[in-house]
>>> print(open('target-v9.cif').read())   # mmCIF, N, CA and C atoms
data_work
#
loop_
_atom_site.group_PDB
_atom_site.id
_atom_site.type_symbol
_atom_site.label_atom_id
_atom_site.label_comp_id
_atom_site.auth_asym_id
_atom_site.auth_seq_id
_atom_site.Cartn_x
_atom_site.Cartn_y
_atom_site.Cartn_z
ATOM 1 N N MET A 1 1.265 -3.733 4.598
ATOM 2 C CA MET A 1 0.551 -4.019 5.819
ATOM 3 C C MET A 1 1.426 -3.554 6.979
ATOM 4 N N GLY A 2 0.783 -3.154 8.066
ATOM 5 C CA GLY A 2 1.576 -2.590 9.143
ATOM 6 C C GLY A 2 1.061 -2.916 10.522
ATOM 7 N N GLU A 3 1.851 -2.502 11.498
ATOM 8 C CA GLU A 3 1.533 -2.703 12.905
ATOM 9 C C GLU A 3 1.377 -1.342 13.574
ATOM 10 N N HIS A 4 0.306 -1.173 14.321
ATOM 11 C CA HIS A 4 0.091 0.042 15.091
ATOM 12 C C HIS A 4 0.893 -0.104 16.379
ATOM 13 N N VAL A 5 1.961 0.677 16.525
ATOM 14 C CA VAL A 5 2.862 0.522 17.664
ATOM 15 C C VAL A 5 2.751 1.647 18.681
ATOM 16 N N GLY A 6 1.999 2.685 18.374
ATOM 17 C CA GLY A 6 1.824 3.792 19.308
ATOM 18 C C GLY A 6 0.900 4.827 18.710
ATOM 19 N N VAL A 7 0.649 5.875 19.469
ATOM 20 C CA VAL A 7 -0.228 6.934 18.991
ATOM 21 C C VAL A 7 0.332 7.507 17.686
ATOM 22 N N ASP A 8 -0.447 7.407 16.629
ATOM 23 C CA ASP A 8 -0.047 7.901 15.304
ATOM 24 C C ASP A 8 1.289 7.328 14.824
ATOM 25 N N THR A 9 1.640 6.131 15.284
ATOM 26 C CA THR A 9 2.899 5.505 14.907
ATOM 27 C C THR A 9 2.642 4.095 14.397
ATOM 28 N N PHE A 10 3.138 3.815 13.196
ATOM 29 C CA PHE A 10 2.941 2.525 12.557
ATOM 30 C C PHE A 10 4.272 2.007 12.038
ATOM 31 N N ARG A 11 4.424 0.701 12.038
ATOM 32 C CA ARG A 11 5.618 0.051 11.510
ATOM 33 C C ARG A 11 5.185 -0.790 10.315
ATOM 34 N N VAL A 12 5.879 -0.646 9.205
ATOM 35 C CA VAL A 12 5.598 -1.483 8.044
ATOM 36 C C VAL A 12 6.093 -2.889 8.361
ATOM 37 N N LYS A 13 5.192 -3.867 8.277
ATOM 38 C CA LYS A 13 5.528 -5.254 8.597
ATOM 39 C C LYS A 13 5.695 -6.111 7.346
ATOM 40 N N ASP A 14 4.987 -5.777 6.298
ATOM 41 C CA ASP A 14 5.035 -6.576 5.076
ATOM 42 C C ASP A 14 4.547 -5.712 3.926
ATOM 43 N N LEU A 15 4.953 -6.055 2.732
ATOM 44 C CA LEU A 15 4.475 -5.350 1.550
ATOM 45 C C LEU A 15 4.374 -6.322 0.394
ATOM 46 N N THR A 16 3.639 -5.921 -0.588
ATOM 47 C CA THR A 16 3.507 -6.746 -1.780
ATOM 48 C C THR A 16 4.103 -5.997 -2.963
ATOM 49 N N ILE A 17 4.549 -6.767 -3.934
ATOM 50 C CA ILE A 17 5.081 -6.198 -5.168
ATOM 51 C C ILE A 17 4.314 -6.815 -6.325
ATOM 52 N N GLN A 18 3.645 -5.979 -7.068
ATOM 53 C CA GLN A 18 2.918 -6.432 -8.249
ATOM 54 C C GLN A 18 3.840 -6.243 -9.446
ATOM 55 N N ARG A 19 4.170 -7.311 -10.106
ATOM 56 C CA ARG A 19 5.172 -7.260 -11.170
ATOM 57 C C ARG A 19 4.595 -7.167 -12.571
ATOM 58 N N LYS A 20 3.271 -7.109 -12.682
ATOM 59 C CA LYS A 20 2.679 -6.975 -14.021
ATOM 60 C C LYS A 20 1.539 -5.978 -13.962
ATOM 61 N N GLY A 21 1.159 -5.506 -15.100
ATOM 62 C CA GLY A 21 0.045 -4.564 -15.171
ATOM 63 C C GLY A 21 0.532 -3.139 -15.227
ATOM 64 N N GLY A 22 -0.212 -2.329 -15.903
ATOM 65 C CA GLY A 22 0.137 -0.928 -16.016
ATOM 66 C C GLY A 22 1.044 -0.659 -17.200
ATOM 67 N N THR A 23 1.499 0.562 -17.250
ATOM 68 C CA THR A 23 2.363 1.012 -18.331
ATOM 69 C C THR A 23 3.524 1.796 -17.728
ATOM 70 N N PHE A 24 4.283 2.422 -18.581
ATOM 71 C CA PHE A 24 5.400 3.258 -18.157
ATOM 72 C C PHE A 24 4.941 4.333 -17.172
ATOM 73 N N ALA A 25 3.739 4.858 -17.367
ATOM 74 C CA ALA A 25 3.280 5.987 -16.563
ATOM 75 C C ALA A 25 2.047 5.702 -15.709
ATOM 76 N N ILE A 26 1.488 4.495 -15.793
ATOM 77 C CA ILE A 26 0.247 4.212 -15.067
ATOM 78 C C ILE A 26 0.345 2.865 -14.365
ATOM 79 N N PHE A 27 0.004 2.854 -13.075
ATOM 80 C CA PHE A 27 -0.071 1.613 -12.311
ATOM 81 C C PHE A 27 -1.519 1.144 -12.304
ATOM 82 N N ILE A 28 -1.732 -0.119 -12.618
ATOM 83 C CA ILE A 28 -3.067 -0.702 -12.582
ATOM 84 C C ILE A 28 -3.051 -1.809 -11.546
ATOM 85 N N ARG A 29 -3.837 -1.632 -10.485
ATOM 86 C CA ARG A 29 -3.870 -2.588 -9.375
ATOM 87 C C ARG A 29 -4.695 -3.804 -9.761
ATOM 88 N N PHE A 30 -4.162 -4.997 -9.468
ATOM 89 C CA PHE A 30 -4.882 -6.251 -9.641
ATOM 90 C C PHE A 30 -5.228 -6.772 -8.252
ATOM 91 N N ILE A 31 -6.459 -6.525 -7.818
ATOM 92 C CA ILE A 31 -6.896 -6.891 -6.468
ATOM 93 C C ILE A 31 -6.686 -8.373 -6.197
ATOM 94 N N GLU A 32 -6.934 -9.207 -7.194
ATOM 95 C CA GLU A 32 -6.816 -10.655 -6.984
ATOM 96 C C GLU A 32 -5.399 -11.074 -6.582
ATOM 97 N N GLU A 33 -4.401 -10.279 -6.900
ATOM 98 C CA GLU A 33 -3.028 -10.617 -6.530
ATOM 99 C C GLU A 33 -2.704 -10.278 -5.073
ATOM 100 N N ILE A 34 -3.492 -9.426 -4.448
ATOM 101 C CA ILE A 34 -3.227 -9.043 -3.059
ATOM 102 C C ILE A 34 -4.011 -9.891 -2.067
ATOM 103 N N ILE A 35 -5.065 -10.545 -2.514
ATOM 104 C CA ILE A 35 -5.929 -11.298 -1.604
ATOM 105 C C ILE A 35 -5.150 -12.374 -0.837
ATOM 106 N N GLY A 36 -4.368 -13.178 -1.523
ATOM 107 C CA GLY A 36 -3.586 -14.235 -0.866
ATOM 108 C C GLY A 36 -2.615 -13.682 0.168
ATOM 109 N N PRO A 37 -1.777 -12.701 -0.205
ATOM 110 C CA PRO A 37 -0.861 -12.131 0.783
ATOM 111 C C PRO A 37 -1.583 -11.482 1.967
ATOM 112 N N LEU A 38 -2.731 -10.851 1.724
ATOM 113 C CA LEU A 38 -3.485 -10.262 2.837
ATOM 114 C C LEU A 38 -4.010 -11.350 3.773
ATOM 115 N N ARG A 39 -4.542 -12.415 3.208
ATOM 116 C CA ARG A 39 -5.029 -13.525 4.043
ATOM 117 C C ARG A 39 -3.898 -14.108 4.881
ATOM 118 N N ASP A 40 -2.734 -14.301 4.257
ATOM 119 C CA ASP A 40 -1.581 -14.838 4.985
ATOM 120 C C ASP A 40 -1.158 -13.897 6.110
ATOM 121 N N PHE A 41 -1.122 -12.598 5.821
ATOM 122 C CA PHE A 41 -0.726 -11.608 6.827
ATOM 123 C C PHE A 41 -1.702 -11.621 7.995
ATOM 124 N N PHE A 42 -2.994 -11.574 7.711
ATOM 125 C CA PHE A 42 -3.991 -11.546 8.781
ATOM 126 C C PHE A 42 -3.997 -12.855 9.573
ATOM 127 N N SER A 43 -3.726 -13.950 8.906
ATOM 128 C CA SER A 43 -3.636 -15.226 9.616
ATOM 129 C C SER A 43 -2.425 -15.218 10.553
ATOM 130 N N SER A 44 -1.296 -14.724 10.061
ATOM 131 C CA SER A 44 -0.074 -14.716 10.878
ATOM 132 C C SER A 44 -0.164 -13.748 12.051
ATOM 133 N N THR A 45 -1.046 -12.759 11.960
ATOM 134 C CA THR A 45 -1.220 -11.792 13.052
ATOM 135 C C THR A 45 -2.490 -12.085 13.849
ATOM 136 N N ARG A 46 -3.021 -13.298 13.665
ATOM 137 C CA ARG A 46 -4.200 -13.779 14.401
ATOM 138 C C ARG A 46 -5.405 -12.850 14.286
ATOM 139 N N HIS A 47 -5.515 -12.217 13.126
ATOM 140 C CA HIS A 47 -6.668 -11.358 12.822
ATOM 141 C C HIS A 47 -6.864 -10.252 13.865
ATOM 142 N N ASP A 48 -5.769 -9.764 14.396
ATOM 143 C CA ASP A 48 -5.802 -8.647 15.351
ATOM 144 C C ASP A 48 -5.798 -7.353 14.527
ATOM 145 N N TYR A 49 -6.978 -6.988 14.003
ATOM 146 C CA TYR A 49 -7.081 -5.866 13.069
ATOM 147 C C TYR A 49 -6.827 -4.515 13.733
ATOM 148 N N THR A 50 -6.952 -4.432 15.024
ATOM 149 C CA THR A 50 -6.669 -3.182 15.725
ATOM 150 C C THR A 50 -5.174 -2.901 15.724
ATOM 151 N N ARG A 51 -4.380 -3.945 15.848
ATOM 152 C CA ARG A 51 -2.924 -3.781 15.889
ATOM 153 C C ARG A 51 -2.289 -3.925 14.507
ATOM 154 N N PHE A 52 -2.776 -4.868 13.707
ATOM 155 C CA PHE A 52 -2.183 -5.150 12.393
ATOM 156 C C PHE A 52 -3.234 -4.942 11.308
ATOM 157 N N ASN A 53 -2.887 -4.161 10.283
ATOM 158 C CA ASN A 53 -3.863 -3.931 9.227
ATOM 159 C C ASN A 53 -3.195 -3.364 7.978
ATOM 160 N N TYR A 54 -3.998 -3.186 6.968
ATOM 161 C CA TYR A 54 -3.593 -2.561 5.711
ATOM 162 C C TYR A 54 -3.247 -1.111 5.984
ATOM 163 N N LEU A 55 -2.110 -0.650 5.464
ATOM 164 C CA LEU A 55 -1.722 0.746 5.655
ATOM 165 C C LEU A 55 -2.009 1.603 4.436
ATOM 166 N N GLY A 56 -1.778 1.076 3.257
ATOM 167 C CA GLY A 56 -1.983 1.894 2.071
ATOM 168 C C GLY A 56 -1.269 1.333 0.862
ATOM 169 N N GLU A 57 -0.981 2.214 -0.043
ATOM 170 C CA GLU A 57 -0.417 1.858 -1.346
ATOM 171 C C GLU A 57 0.985 2.434 -1.488
ATOM 172 N N TRP A 58 1.756 1.816 -2.337
ATOM 173 C CA TRP A 58 3.054 2.374 -2.692
ATOM 174 C C TRP A 58 3.311 2.083 -4.159
ATOM 175 N N HIS A 59 4.065 2.924 -4.789
ATOM 176 C CA HIS A 59 4.554 2.681 -6.142
ATOM 177 C C HIS A 59 5.718 3.629 -6.418
ATOM 178 N N SER A 60 6.395 3.356 -7.497
ATOM 179 C CA SER A 60 7.561 4.176 -7.822
ATOM 180 C C SER A 60 7.183 5.294 -8.787
ATOM 181 N N HIS A 61 7.931 6.347 -8.709
ATOM 182 C CA HIS A 61 7.879 7.432 -9.683
ATOM 183 C C HIS A 61 9.292 7.548 -10.244
ATOM 184 N N HIS A 62 9.737 6.485 -10.862
ATOM 185 C CA HIS A 62 11.135 6.433 -11.290
ATOM 186 C C HIS A 62 11.475 7.421 -12.395
ATOM 187 N N SER A 63 10.498 7.874 -13.155
ATOM 188 C CA SER A 63 10.786 8.817 -14.236
ATOM 189 C C SER A 63 10.029 10.133 -14.072
ATOM 190 N N PHE A 64 9.374 10.315 -12.937
ATOM 191 C CA PHE A 64 8.576 11.510 -12.730
ATOM 192 C C PHE A 64 8.924 12.128 -11.389
ATOM 193 N N ALA A 65 8.415 13.337 -11.172
ATOM 194 C CA ALA A 65 8.647 14.009 -9.895
ATOM 195 C C ALA A 65 8.124 13.151 -8.750
ATOM 196 N N LEU A 66 8.818 13.196 -7.640
ATOM 197 C CA LEU A 66 8.453 12.385 -6.480
ATOM 198 C C LEU A 66 7.399 13.119 -5.643
ATOM 199 N N THR A 67 6.297 13.425 -6.303
ATOM 200 C CA THR A 67 5.138 14.040 -5.664
ATOM 201 C C THR A 67 3.905 13.302 -6.163
ATOM 202 N N PRO A 68 2.856 13.230 -5.346
ATOM 203 C CA PRO A 68 1.649 12.522 -5.784
ATOM 204 C C PRO A 68 1.013 13.200 -6.996
ATOM 205 N N SER A 69 0.602 12.383 -7.937
ATOM 206 C CA SER A 69 -0.096 12.890 -9.115
ATOM 207 C C SER A 69 -1.563 13.125 -8.780
ATOM 208 N N GLY A 70 -2.279 13.731 -9.692
ATOM 209 C CA GLY A 70 -3.715 13.891 -9.518
ATOM 210 C C GLY A 70 -4.407 12.551 -9.360
ATOM 211 N N ARG A 71 -3.962 11.566 -10.133
ATOM 212 C CA ARG A 71 -4.535 10.215 -10.017
ATOM 213 C C ARG A 71 -4.218 9.614 -8.658
ATOM 214 N N ASP A 72 -2.998 9.850 -8.153
ATOM 215 C CA ASP A 72 -2.628 9.358 -6.814
ATOM 216 C C ASP A 72 -3.582 9.925 -5.756
ATOM 217 N N HIS A 73 -3.807 11.234 -5.811
ATOM 218 C CA HIS A 73 -4.715 11.868 -4.850
ATOM 219 C C HIS A 73 -6.118 11.273 -4.948
ATOM 220 N N ALA A 74 -6.614 11.136 -6.161
ATOM 221 C CA ALA A 74 -7.968 10.608 -6.357
ATOM 222 C C ALA A 74 -8.086 9.179 -5.842
ATOM 223 N N THR A 75 -7.082 8.349 -6.091
ATOM 224 C CA THR A 75 -7.104 6.961 -5.632
ATOM 225 C C THR A 75 -7.121 6.890 -4.111
ATOM 226 N N MET A 76 -6.319 7.699 -3.450
ATOM 227 C CA MET A 76 -6.288 7.677 -1.991
ATOM 228 C C MET A 76 -7.628 8.120 -1.398
ATOM 229 N N ILE A 77 -8.251 9.117 -2.019
ATOM 230 C CA ILE A 77 -9.574 9.563 -1.553
ATOM 231 C C ILE A 77 -10.601 8.454 -1.766
ATOM 232 N N GLU A 78 -10.532 7.781 -2.920
ATOM 233 C CA GLU A 78 -11.459 6.671 -3.187
ATOM 234 C C GLU A 78 -11.315 5.571 -2.144
ATOM 235 N N ILE A 79 -10.094 5.206 -1.810
ATOM 236 C CA ILE A 79 -9.858 4.144 -0.830
ATOM 237 C C ILE A 79 -10.347 4.586 0.551
ATOM 238 N N ALA A 80 -10.020 5.810 0.945
ATOM 239 C CA ALA A 80 -10.359 6.288 2.288
ATOM 240 C C ALA A 80 -11.854 6.529 2.480
ATOM 241 N N THR A 81 -12.584 6.743 1.400
ATOM 242 C CA THR A 81 -14.018 7.032 1.531
ATOM 243 C C THR A 81 -14.909 5.873 1.106
ATOM 244 N N ASP A 82 -14.332 4.751 0.710
ATOM 245 C CA ASP A 82 -15.119 3.592 0.294
ATOM 246 C C ASP A 82 -15.665 2.880 1.531
ATOM 247 N N PRO A 83 -16.984 2.915 1.751
ATOM 248 C CA PRO A 83 -17.538 2.295 2.960
ATOM 249 C C PRO A 83 -17.318 0.783 3.020
ATOM 250 N N GLN A 84 -17.135 0.138 1.885
ATOM 251 C CA GLN A 84 -16.884 -1.310 1.883
ATOM 252 C C GLN A 84 -15.500 -1.634 2.419
ATOM 253 N N LEU A 85 -14.557 -0.732 2.268
ATOM 254 C CA LEU A 85 -13.200 -0.969 2.766
ATOM 255 C C LEU A 85 -13.068 -0.617 4.238
ATOM 256 N N GLY A 86 -13.788 0.386 4.691
ATOM 257 C CA GLY A 86 -13.768 0.747 6.098
ATOM 258 C C GLY A 86 -12.461 1.359 6.578
ATOM 259 N N ALA A 87 -11.679 1.914 5.673
ATOM 260 C CA ALA A 87 -10.404 2.523 6.071
ATOM 261 C C ALA A 87 -10.649 3.859 6.753
ATOM 262 N N ARG A 88 -9.984 4.073 7.869
ATOM 263 C CA ARG A 88 -10.075 5.365 8.545
ATOM 264 C C ARG A 88 -9.037 6.339 7.997
ATOM 265 N N PHE A 89 -7.990 5.793 7.437
ATOM 266 C CA PHE A 89 -6.949 6.586 6.799
ATOM 267 C C PHE A 89 -6.239 5.680 5.815
ATOM 268 N N VAL A 90 -5.431 6.268 4.970
ATOM 269 C CA VAL A 90 -4.635 5.490 4.029
ATOM 270 C C VAL A 90 -3.316 6.227 3.809
ATOM 271 N N VAL A 91 -2.267 5.470 3.605
ATOM 272 C CA VAL A 91 -0.931 6.017 3.387
ATOM 273 C C VAL A 91 -0.544 5.779 1.937
ATOM 274 N N LEU A 92 0.046 6.766 1.308
ATOM 275 C CA LEU A 92 0.619 6.596 -0.022
ATOM 276 C C LEU A 92 2.108 6.857 0.102
ATOM 277 N N LEU A 93 2.897 5.869 -0.268
ATOM 278 C CA LEU A 93 4.348 6.003 -0.247
ATOM 279 C C LEU A 93 4.838 5.975 -1.688
ATOM 280 N N LEU A 94 5.538 7.002 -2.082
ATOM 281 C CA LEU A 94 6.160 7.055 -3.404
ATOM 282 C C LEU A 94 7.648 6.823 -3.225
ATOM 283 N N VAL A 95 8.217 6.005 -4.071
ATOM 284 C CA VAL A 95 9.638 5.694 -3.955
ATOM 285 C C VAL A 95 10.353 5.997 -5.257
ATOM 286 N N ASN A 96 11.640 6.290 -5.136
ATOM 287 C CA ASN A 96 12.471 6.577 -6.288
ATOM 288 C C ASN A 96 13.902 6.208 -5.924
ATOM 289 N N LEU A 97 14.575 5.499 -6.816
ATOM 290 C CA LEU A 97 15.978 5.158 -6.581
ATOM 291 C C LEU A 97 16.835 6.408 -6.734
ATOM 292 N N ASN A 98 17.893 6.503 -5.928
ATOM 293 C CA ASN A 98 18.796 7.617 -6.117
ATOM 294 C C ASN A 98 19.660 7.359 -7.356
ATOM 295 N N GLU A 99 20.530 8.263 -7.675
ATOM 296 C CA GLU A 99 21.307 8.129 -8.912
ATOM 297 C C GLU A 99 22.181 6.909 -8.954
ATOM 298 N N SER A 100 22.575 6.360 -7.798
ATOM 299 C CA SER A 100 23.396 5.151 -7.782
ATOM 300 C C SER A 100 22.527 3.902 -7.797
ATOM 301 N N LYS A 101 21.203 4.069 -7.998
ATOM 302 C CA LYS A 101 20.237 2.974 -8.119
ATOM 303 C C LYS A 101 20.096 2.169 -6.841
ATOM 304 N N GLN A 102 20.266 2.796 -5.712
ATOM 305 C CA GLN A 102 20.116 2.125 -4.418
ATOM 306 C C GLN A 102 18.901 2.652 -3.695
#
>>> encode(input="target-v9.cif", output="structure tokens")
Amino acid sequence: MGEHVGVDTFRVKDLTIQRKGGTFAIFIRFIEEIIGPLRDFFSSTRHDYTRFNYLGEWHSHHSFALTPSGRDHATMIEIATDPQLGARFVVLLLVNLNESKQ
């Protein structure tokens, strides 16, 4: 979740970590696990959706190239074009630890 701080500028304010689901190579999102944290975030930001809102998804590519996969691209398009979600854009952040695991 993030804060809109300027033209095309956002600050990450909070994130969630899903610790179960998926496999070595596939992330499976459990929507029910994000509902509580989203409600808490929106409550703490007084439901100011123009300034504070969902930014997108993140996951690690700890054993693969740090580039979006075909599934990553498809998921982002699904989220951005789903009329029920109403997202105008979505961010995908891929992370990978460096060799010193930091």
>>> closest_residue(input="target-v9.cif", among="A:Phe42, A:Phe89, A:Tyr49, A:Phe64", to="Ile26 of chain A", atoms="only C-alpha atoms")
A:Phe64
>>> closest_atom_pairs(input="target-v9.cif", of="segment 29-84 of chain A", to="segment 15-24 of chain A", cutoff="8 Å", atoms="only N, CA and C atoms", output="JSON lines")
{"residue": "A:Arg29", "atom": "N", "partner": "A:Gly22", "partner_atom": "N", "distance": 6.6}
{"residue": "A:Phe30", "atom": "N", "partner": "A:Gly21", "partner_atom": "CA", "distance": 7.1}
{"residue": "A:Glu33", "atom": "CA", "partner": "A:Gln18", "partner_atom": "CA", "distance": 7.5}
{"residue": "A:Ile34", "atom": "CA", "partner": "A:Thr16", "partner_atom": "CA", "distance": 7.2}
{"residue": "A:Pro37", "atom": "CA", "partner": "A:Thr16", "partner_atom": "CA", "distance": 7.4}
{"residue": "A:Ser63", "atom": "N", "partner": "A:Phe24", "partner_atom": "C", "distance": 7.7}
>>> atom_distance(input="target-v9.cif", atom1="atom C of Gly36 of chain A", atom2="atom C of His61 of chain A")
26.5 Å
>>> resolve_selection(input="target-v9.cif", expression="the PyMOL selection byres ((chain A and resi 58) around 7)", output="NGL selection string")
:A and (56-57 or 59-60 or 91-95)
>>> atom_distance(input="target-v9.cif", atom1="atom CA of Thr67 of chain A", atom2="atom CA of Val90 of chain A")
16.2 Å
>>> atom_distance(input="target-v9.cif", atom1="atom N of Phe52 of chain A", atom2="atom N of Glu3 of chain A")
5.6 Å
>>> select_by_dssp(input="target-v9.cif", residues="chain A", states="strand (DSSP E)", output="list in words")
Gly2, Glu3, His4, Val5, Gly6, Thr9, Phe10, Arg11, Val12, Phe52, Asn53, Gly56, Glu57, Trp58, His59, Ser60, Val91, Leu92, Leu93, Leu94 and Val95 of chain A
>>> write_last_selection(input="target-v9.cif", atoms="N, CA and C atoms", output="JSON list (two decimals), keeping the file's coordinate frame")
[["chain", "number", "residue", "atom", "x", "y", "z"],
["A", 2, "GLY", "N", 0.78, -3.15, 8.07],
["A", 2, "GLY", "CA", 1.58, -2.59, 9.14],
["A", 2, "GLY", "C", 1.06, -2.92, 10.52],
["A", 3, "GLU", "N", 1.85, -2.50, 11.50],
["A", 3, "GLU", "CA", 1.53, -2.70, 12.90],
["A", 3, "GLU", "C", 1.38, -1.34, 13.57],
["A", 4, "HIS", "N", 0.31, -1.17, 14.32],
["A", 4, "HIS", "CA", 0.09, 0.04, 15.09],
["A", 4, "HIS", "C", 0.89, -0.10, 16.38],
["A", 5, "VAL", "N", 1.96, 0.68, 16.52],
["A", 5, "VAL", "CA", 2.86, 0.52, 17.66],
["A", 5, "VAL", "C", 2.75, 1.65, 18.68],
["A", 6, "GLY", "N", 2.00, 2.68, 18.37],
["A", 6, "GLY", "CA", 1.82, 3.79, 19.31],
["A", 6, "GLY", "C", 0.90, 4.83, 18.71],
["A", 9, "THR", "N", 1.64, 6.13, 15.28],
["A", 9, "THR", "CA", 2.90, 5.50, 14.91],
["A", 9, "THR", "C", 2.64, 4.10, 14.40],
["A", 10, "PHE", "N", 3.14, 3.82, 13.20],
["A", 10, "PHE", "CA", 2.94, 2.52, 12.56],
["A", 10, "PHE", "C", 4.27, 2.01, 12.04],
["A", 11, "ARG", "N", 4.42, 0.70, 12.04],
["A", 11, "ARG", "CA", 5.62, 0.05, 11.51],
["A", 11, "ARG", "C", 5.18, -0.79, 10.32],
["A", 12, "VAL", "N", 5.88, -0.65, 9.20],
["A", 12, "VAL", "CA", 5.60, -1.48, 8.04],
["A", 12, "VAL", "C", 6.09, -2.89, 8.36],
["A", 52, "PHE", "N", -2.78, -4.87, 13.71],
["A", 52, "PHE", "CA", -2.18, -5.15, 12.39],
["A", 52, "PHE", "C", -3.23, -4.94, 11.31],
["A", 53, "ASN", "N", -2.89, -4.16, 10.28],
["A", 53, "ASN", "CA", -3.86, -3.93, 9.23],
["A", 53, "ASN", "C", -3.20, -3.36, 7.98],
["A", 56, "GLY", "N", -1.78, 1.08, 3.26],
["A", 56, "GLY", "CA", -1.98, 1.89, 2.07],
["A", 56, "GLY", "C", -1.27, 1.33, 0.86],
["A", 57, "GLU", "N", -0.98, 2.21, -0.04],
["A", 57, "GLU", "CA", -0.42, 1.86, -1.35],
["A", 57, "GLU", "C", 0.98, 2.43, -1.49],
["A", 58, "TRP", "N", 1.76, 1.82, -2.34],
["A", 58, "TRP", "CA", 3.05, 2.37, -2.69],
["A", 58, "TRP", "C", 3.31, 2.08, -4.16],
["A", 59, "HIS", "N", 4.07, 2.92, -4.79],
["A", 59, "HIS", "CA", 4.55, 2.68, -6.14],
["A", 59, "HIS", "C", 5.72, 3.63, -6.42],
["A", 60, "SER", "N", 6.40, 3.36, -7.50],
["A", 60, "SER", "CA", 7.56, 4.18, -7.82],
["A", 60, "SER", "C", 7.18, 5.29, -8.79],
["A", 91, "VAL", "N", -2.27, 5.47, 3.60],
["A", 91, "VAL", "CA", -0.93, 6.02, 3.39],
["A", 91, "VAL", "C", -0.54, 5.78, 1.94],
["A", 92, "LEU", "N", 0.05, 6.77, 1.31],
["A", 92, "LEU", "CA", 0.62, 6.60, -0.02],
["A", 92, "LEU", "C", 2.11, 6.86, 0.10],
["A", 93, "LEU", "N", 2.90, 5.87, -0.27],
["A", 93, "LEU", "CA", 4.35, 6.00, -0.25],
["A", 93, "LEU", "C", 4.84, 5.98, -1.69],
["A", 94, "LEU", "N", 5.54, 7.00, -2.08],
["A", 94, "LEU", "CA", 6.16, 7.06, -3.40],
["A", 94, "LEU", "C", 7.65, 6.82, -3.22],
["A", 95, "VAL", "N", 8.22, 6.00, -4.07],
["A", 95, "VAL", "CA", 9.64, 5.69, -3.96],
["A", 95, "VAL", "C", 10.35, 6.00, -5.26]]
>>> residues_around(input="target-v9.cif", residues="Phe41 of chain A", least_positions_apart="6", cutoff="8 Å", atoms="all atoms listed in the file", output="VMD selection string")
chain A and resid 1 14 35 47 to 48 52 to 53
>>> decode(input="target-v9.cif", residues="segment 12-45 of chain A", atoms="C-alpha atoms", output="mmCIF file, in the first residue's frame")
data_model
loop_
_atom_site.group_PDB
_atom_site.id
_atom_site.type_symbol
_atom_site.label_atom_id
_atom_site.label_comp_id
_atom_site.auth_asym_id
_atom_site.auth_seq_id
_atom_site.Cartn_x
_atom_site.Cartn_y
_atom_site.Cartn_z
ATOM 1 C CA VAL A 12 5.470 2.632 -0.044
ATOM 2 C CA LYS A 13 3.765 2.931 3.353
ATOM 3 C CA ASP A 14 3.015 -0.690 4.199
ATOM 4 C CA LEU A 15 3.285 -4.150 2.716
ATOM 5 C CA THR A 16 2.061 -7.609 3.434
ATOM 6 C CA ILE A 17 3.960 -10.872 3.480
ATOM 7 C CA GLN A 18 2.132 -14.064 2.648
ATOM 8 C CA ARG A 19 4.026 -16.919 4.247
ATOM 9 C CA LYS A 20 2.105 -19.864 2.811
ATOM 10 C CA GLY A 21 0.834 -20.980 -0.537
ATOM 11 C CA GLY A 22 2.522 -21.578 -3.814
ATOM 12 C CA THR A 23 5.523 -23.647 -4.702
ATOM 13 C CA PHE A 24 9.205 -23.177 -5.424
ATOM 14 C CA ALA A 25 8.334 -21.512 -8.735
ATOM 15 C CA ILE A 26 4.735 -20.288 -8.371
ATOM 16 C CA PHE A 27 3.145 -17.728 -6.054
ATOM 17 C CA ILE A 28 -0.522 -18.298 -5.255
ATOM 18 C CA ARG A 29 -2.280 -15.265 -3.772
ATOM 19 C CA PHE A 30 -4.730 -15.822 -0.908
ATOM 20 C CA ILE A 31 -7.049 -12.801 -1.068
ATOM 21 C CA GLU A 32 -8.538 -13.559 2.344
ATOM 22 C CA GLU A 33 -5.136 -12.919 3.948
ATOM 23 C CA ILE A 34 -4.898 -9.366 2.577
ATOM 24 C CA ILE A 35 -8.401 -8.196 3.513
ATOM 25 C CA GLY A 36 -7.586 -7.540 7.196
ATOM 26 C CA PRO A 37 -4.353 -5.624 6.526
ATOM 27 C CA LEU A 38 -6.077 -3.582 3.795
ATOM 28 C CA ARG A 39 -8.943 -2.671 6.127
ATOM 29 C CA ASP A 40 -6.457 -1.651 8.825
ATOM 30 C CA PHE A 41 -4.448 0.441 6.346
ATOM 31 C CA PHE A 42 -7.510 2.232 4.968
ATOM 32 C CA SER A 43 -8.812 2.838 8.475
ATOM 33 C CA SER A 44 -5.473 4.305 9.589
ATOM 34 C CA THR A 45 -5.423 6.609 6.542
#
